[in-house]
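I have placed the structure first, in the form of structure tokens, so that the comments after it can refer back to it.
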Amino acid sequence: MRVFLRLNGLIAVLFSIEKRRLYEQAKPQFWRYAKGAEESQARWLKELLQKNDYTLLVAKSQEKIIGFIIGRVMPTPEVYNPGGLTLMMDDFYLAAPSMWKSTGRQLIFELKALA
């Protein structure tokens, strides 16, 4: 598996939709599908990725995308005082829950390294 930066957020939109559909099965009221969600998220992600403080990483295995993570370096919220900036993980997806200890861990590690 390799992790690389991808500036085109279309893949993240497609995977986010898939992730929300799975979440909807567990919590249908909160995660209920909204008509036009794909277009709204694509616009939001395009705007987000034009900002310098957001990063989108995508994981691939044998040329197949198997996950992504979006993070933002930002000031620490005022209710905390660790000093300096913090990294907020905004969105993430893995093709299978079993990938958290491998691919998920590597995505988080790579994102932290870039922060």
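Labeling convention for the structure tokens: chains A, B, ... as they appear, residues from 1 per chain, ligands from 1 in order of appearance.
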Per-residue DSSP, segment 13-90 of chain A, filtered to strand (DSSP E or B), as a count of residues only
26
As a ChimeraX atom specification, please: all residues of segment 1-111 of chain A that backbone DSSP puts in alpha helix (DSSP H).
/A:10-26,37-49,105-111
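For the set A:Ser61, A:Asn81, A:Gln50, A:Thr76, the residue with the smallest atom-to-atom gap to Thr103 of chain A is A:Ser61, counting only C-alpha atoms.
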Would you list the contacts of Leu111 of chain A as a PDB file with N, CA and C atoms, in the first residue's frame, taking every protein, DNA or RNA residue within 9 Å and counting only C-alpha atoms, but skipping same-chain residues closer than 5 positions in sequence?
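So out-v2.pdb came out as:
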ATOM      1  N   THR A  55      -5.369  19.042   3.953  1.00  0.00           N
ATOM      2  CA  THR A  55      -4.634  18.038   3.191  1.00  0.00           C
ATOM      3  C   THR A  55      -5.530  16.830   2.977  1.00  0.00           C
ATOM      4  N   LEU A  56      -5.533  16.305   1.778  1.00  0.00           N
ATOM      5  CA  LEU A  56      -6.245  15.069   1.458  1.00  0.00           C
ATOM      6  C   LEU A  56      -5.206  14.030   1.073  1.00  0.00           C
ATOM      7  N   LEU A  57      -5.190  12.909   1.790  1.00  0.00           N
ATOM      8  CA  LEU A  57      -4.319  11.789   1.463  1.00  0.00           C
ATOM      9  C   LEU A  57      -5.184  10.614   1.030  1.00  0.00           C
ATOM     10  N   ILE A  69      -8.065  10.204   3.896  1.00  0.00           N
ATOM     11  CA  ILE A  69      -8.209  10.997   5.117  1.00  0.00           C
ATOM     12  C   ILE A  69      -8.021  12.460   4.746  1.00  0.00           C
ATOM     13  N   ILE A  70      -8.796  13.323   5.395  1.00  0.00           N
ATOM     14  CA  ILE A  70      -8.676  14.768   5.200  1.00  0.00           C
ATOM     15  C   ILE A  70      -8.351  15.371   6.556  1.00  0.00           C
ATOM     16  N   GLY A  71      -7.347  16.216   6.586  1.00  0.00           N
ATOM     17  CA  GLY A  71      -6.961  16.859   7.841  1.00  0.00           C
ATOM     18  C   GLY A  71      -6.705  18.338   7.651  1.00  0.00           C
ATOM     19  N   LEU A  87      -3.999  19.322  14.843  1.00  0.00           N
ATOM     20  CA  LEU A  87      -4.424  18.693  13.596  1.00  0.00           C
ATOM     21  C   LEU A  87      -5.813  18.113  13.794  1.00  0.00           C
ATOM     22  N   MET A  89      -8.716  15.896  12.152  1.00  0.00           N
ATOM     23  CA  MET A  89      -9.038  14.955  11.085  1.00  0.00           C
ATOM     24  C   MET A  89     -10.496  15.151  10.739  1.00  0.00           C
ATOM     25  N   GLN A 106      -1.577   3.997   8.937  1.00  0.00           N
ATOM     26  CA  GLN A 106      -0.598   4.642   8.063  1.00  0.00           C
ATOM     27  C   GLN A 106      -1.104   5.988   7.552  1.00  0.00           C
TER      28      GLN A 106
END
Write out as JSON, numbers by chain the residues lying within 7 Å of segment 17-20 of chain A, counting only C-alpha atoms and excluding same-chain residues fewer than 3 positions away.
{"A": [13, 14, 23, 24, 31, 93]}
In terms of the shortest atom-to-atom distance over only C-alpha atoms, which of A:Ala26, A:Ile66, A:Leu48, A:Met88 is closest to Ile108 of chain A?
A:Met88
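One finds atom CA of Lys51 of chain A at 27.7 Å from atom CA of Arg21 of chain A.
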Nearby residues (only C-alpha atoms) at most 6 Å from Gly67 of chain A, same-chain spacing under 4 positions excluded, as a VMD selection string:
chain A and resid 58 to 59 93 to 95
What does the file look like for those residues with N, CA and C atoms, as an mmCIF file, in the first residue's frame?
data_model
loop_
_atom_site.group_PDB
_atom_site.id
_atom_site.type_symbol
_atom_site.label_atom_id
_atom_site.label_comp_id
_atom_site.auth_asym_id
_atom_site.auth_seq_id
_atom_site.Cartn_x
_atom_site.Cartn_y
_atom_site.Cartn_z
ATOM 1 N N VAL A 58 -4.714 9.911 0.035
ATOM 2 C CA VAL A 58 -5.423 8.750 -0.494
ATOM 3 C C VAL A 58 -4.494 7.553 -0.411
ATOM 4 N N ALA A 59 -5.011 6.405 0.002
ATOM 5 C CA ALA A 59 -4.231 5.166 0.057
ATOM 6 C C ALA A 59 -4.625 4.283 -1.111
ATOM 7 N N TYR A 93 -12.067 7.447 5.342
ATOM 8 C CA TYR A 93 -12.761 6.289 4.800
ATOM 9 C C TYR A 93 -11.751 5.170 4.591
ATOM 10 N N LEU A 94 -12.166 3.953 4.881
ATOM 11 C CA LEU A 94 -11.389 2.763 4.549
ATOM 12 C C LEU A 94 -12.326 1.768 3.892
ATOM 13 N N ALA A 95 -11.812 1.037 2.924
ATOM 14 C CA ALA A 95 -12.641 0.097 2.170
ATOM 15 C C ALA A 95 -13.171 -1.034 3.045
#
